[in-house]
Amino acid sequence: MSSQAVEIEILGRTIKVNCPVGQETALRAAAADFDNRLNELSQRTKISNPEQLLMFTGLNICSELHNERKEFNNNADSLSERIGQITETLTEALQNQPQR
């Protein structure tokens with residue numbers, strides 16, 4: 001898979017990162033989201049140290065991701081359980097059908 005250098009801006013600094021061809025828009029959107037989160041945290045907490053901003057924002061994102069994964073797994077388990085119940089109900093219904 002080929003990649004190309006894409007410029008993004010984080011905390012006022014422009015950096016080039018390699019990106020798979022065709023994913024440039026997604027990378028720029030992710031970088032803009034990350035930069036917005038950094039700036040919002042800085043304004044909300046008055047933290048100005050870039051390393052601290054990066055660390056806390058990264059931790060916040062990881063926490064959100066962890067919660068989303070947990071919710072996804074819970075939903076998947078619930079869905080799997082519900083599918084099992086429906087399968088049992090259908091199996092019983094088919095077994096109780098009169099023979100033709």
# chains A, B, ... in the order shown; residues from 1 in each chain; ligands from 1

$ residues_around --residues "range 27-41 of chain A" --least-positions-apart "6" --cutoff "12 Å" --atoms "only C-alpha atoms" --output "count of residues only"
33

$ select_by_dssp --residues "chain A" --states "strand (DSSP E or B)" --output "list in words"
Ser3, Gln4, Ala5, Val6, Glu7, Ile8, Glu9, Ile10, Arg13, Thr14, Ile15, Lys16, Val17, Asn18, Cys19 and Pro20 of chain A

$ write_last_selection --atoms "N, CA, C and O atoms" --output "PDB file, in the first residue's frame"
ATOM      1  N   SER A   3       1.862   5.292   0.328  1.00  0.00           N
ATOM      2  CA  SER A   3       1.504   6.388   1.218  1.00  0.00           C
ATOM      3  C   SER A   3       2.142   7.662   0.706  1.00  0.00           C
ATOM      4  O   SER A   3       3.005   7.643  -0.161  1.00  0.00           O
ATOM      5  N   GLN A   4       1.677   8.741   1.275  1.00  0.00           N
ATOM      6  CA  GLN A   4       2.222  10.043   0.912  1.00  0.00           C
ATOM      7  C   GLN A   4       2.287  10.909   2.157  1.00  0.00           C
ATOM      8  O   GLN A   4       1.582  10.666   3.128  1.00  0.00           O
ATOM      9  N   ALA A   5       3.134  11.927   2.103  1.00  0.00           N
ATOM     10  CA  ALA A   5       3.264  12.859   3.227  1.00  0.00           C
ATOM     11  C   ALA A   5       2.112  13.859   3.177  1.00  0.00           C
ATOM     12  O   ALA A   5       1.784  14.401   2.128  1.00  0.00           O
ATOM     13  N   VAL A   6       1.487  14.037   4.338  1.00  0.00           N
ATOM     14  CA  VAL A   6       0.379  14.984   4.454  1.00  0.00           C
ATOM     15  C   VAL A   6       0.713  15.942   5.585  1.00  0.00           C
ATOM     16  O   VAL A   6       1.164  15.522   6.656  1.00  0.00           O
ATOM     17  N   GLU A   7       0.498  17.228   5.347  1.00  0.00           N
ATOM     18  CA  GLU A   7       0.742  18.226   6.380  1.00  0.00           C
ATOM     19  C   GLU A   7      -0.503  18.398   7.235  1.00  0.00           C
ATOM     20  O   GLU A   7      -1.607  18.542   6.709  1.00  0.00           O
ATOM     21  N   ILE A   8      -0.296  18.361   8.551  1.00  0.00           N
ATOM     22  CA  ILE A   8      -1.362  18.642   9.502  1.00  0.00           C
ATOM     23  C   ILE A   8      -0.847  19.663  10.503  1.00  0.00           C
ATOM     24  O   ILE A   8       0.365  19.854  10.631  1.00  0.00           O
ATOM     25  N   GLU A   9      -1.776  20.304  11.205  1.00  0.00           N
ATOM     26  CA  GLU A   9      -1.370  21.298  12.197  1.00  0.00           C
ATOM     27  C   GLU A   9      -1.910  20.899  13.560  1.00  0.00           C
ATOM     28  O   GLU A   9      -3.103  20.664  13.728  1.00  0.00           O
ATOM     29  N   ILE A  10      -0.995  20.798  14.518  1.00  0.00           N
ATOM     30  CA  ILE A  10      -1.334  20.474  15.900  1.00  0.00           C
ATOM     31  C   ILE A  10      -0.690  21.520  16.798  1.00  0.00           C
ATOM     32  O   ILE A  10       0.526  21.730  16.733  1.00  0.00           O
ATOM     33  N   ARG A  13       1.639  23.982  15.270  1.00  0.00           N
ATOM     34  CA  ARG A  13       2.837  23.475  14.586  1.00  0.00           C
ATOM     35  C   ARG A  13       2.405  22.617  13.411  1.00  0.00           C
ATOM     36  O   ARG A  13       1.576  21.719  13.548  1.00  0.00           O
ATOM     37  N   THR A  14       2.999  22.882  12.279  1.00  0.00           N
ATOM     38  CA  THR A  14       2.722  22.085  11.085  1.00  0.00           C
ATOM     39  C   THR A  14       3.706  20.928  11.040  1.00  0.00           C
ATOM     40  O   THR A  14       4.920  21.129  11.176  1.00  0.00           O
ATOM     41  N   ILE A  15       3.163  19.729  10.873  1.00  0.00           N
ATOM     42  CA  ILE A  15       4.015  18.544  10.770  1.00  0.00           C
ATOM     43  C   ILE A  15       3.565  17.710   9.583  1.00  0.00           C
ATOM     44  O   ILE A  15       2.409  17.767   9.161  1.00  0.00           O
ATOM     45  N   LYS A  16       4.509  16.967   9.037  1.00  0.00           N
ATOM     46  CA  LYS A  16       4.202  16.057   7.940  1.00  0.00           C
ATOM     47  C   LYS A  16       4.157  14.639   8.487  1.00  0.00           C
ATOM     48  O   LYS A  16       5.030  14.231   9.253  1.00  0.00           O
ATOM     49  N   VAL A  17       3.099  13.919   8.102  1.00  0.00           N
ATOM     50  CA  VAL A  17       2.977  12.523   8.504  1.00  0.00           C
ATOM     51  C   VAL A  17       2.651  11.695   7.271  1.00  0.00           C
ATOM     52  O   VAL A  17       2.007  12.173   6.343  1.00  0.00           O
ATOM     53  N   ASN A  18       3.129  10.455   7.261  1.00  0.00           N
ATOM     54  CA  ASN A  18       2.797   9.559   6.169  1.00  0.00           C
ATOM     55  C   ASN A  18       1.369   9.076   6.335  1.00  0.00           C
ATOM     56  O   ASN A  18       0.916   8.802   7.435  1.00  0.00           O
ATOM     57  N   CYS A  19       0.683   8.975   5.209  1.00  0.00           N
ATOM     58  CA  CYS A  19      -0.728   8.610   5.210  1.00  0.00           C
ATOM     59  C   CYS A  19      -1.003   7.727   3.995  1.00  0.00           C
ATOM     60  O   CYS A  19      -0.535   8.031   2.890  1.00  0.00           O
ATOM     61  N   PRO A  20      -1.755   6.637   4.175  1.00  0.00           N
ATOM     62  CA  PRO A  20      -2.115   5.823   3.012  1.00  0.00           C
ATOM     63  C   PRO A  20      -2.887   6.665   1.992  1.00  0.00           C
ATOM     64  O   PRO A  20      -3.709   7.509   2.364  1.00  0.00           O
TER      65      PRO A  20
END

$ select_by_dssp --residues "chain A" --states "alpha helix (DSSP H)" --output "PyMOL selection string"
chain A and resi 24-45+50-95

$ atom_distance --atom1 "CA of Ala26 in chain A" --atom2 "CA of Ser2 in chain A"
16.0 Å

$ atom_distance --atom1 "CA of Glu71 in chain A" --atom2 "CA of Glu88 in chain A"
25.7 Å
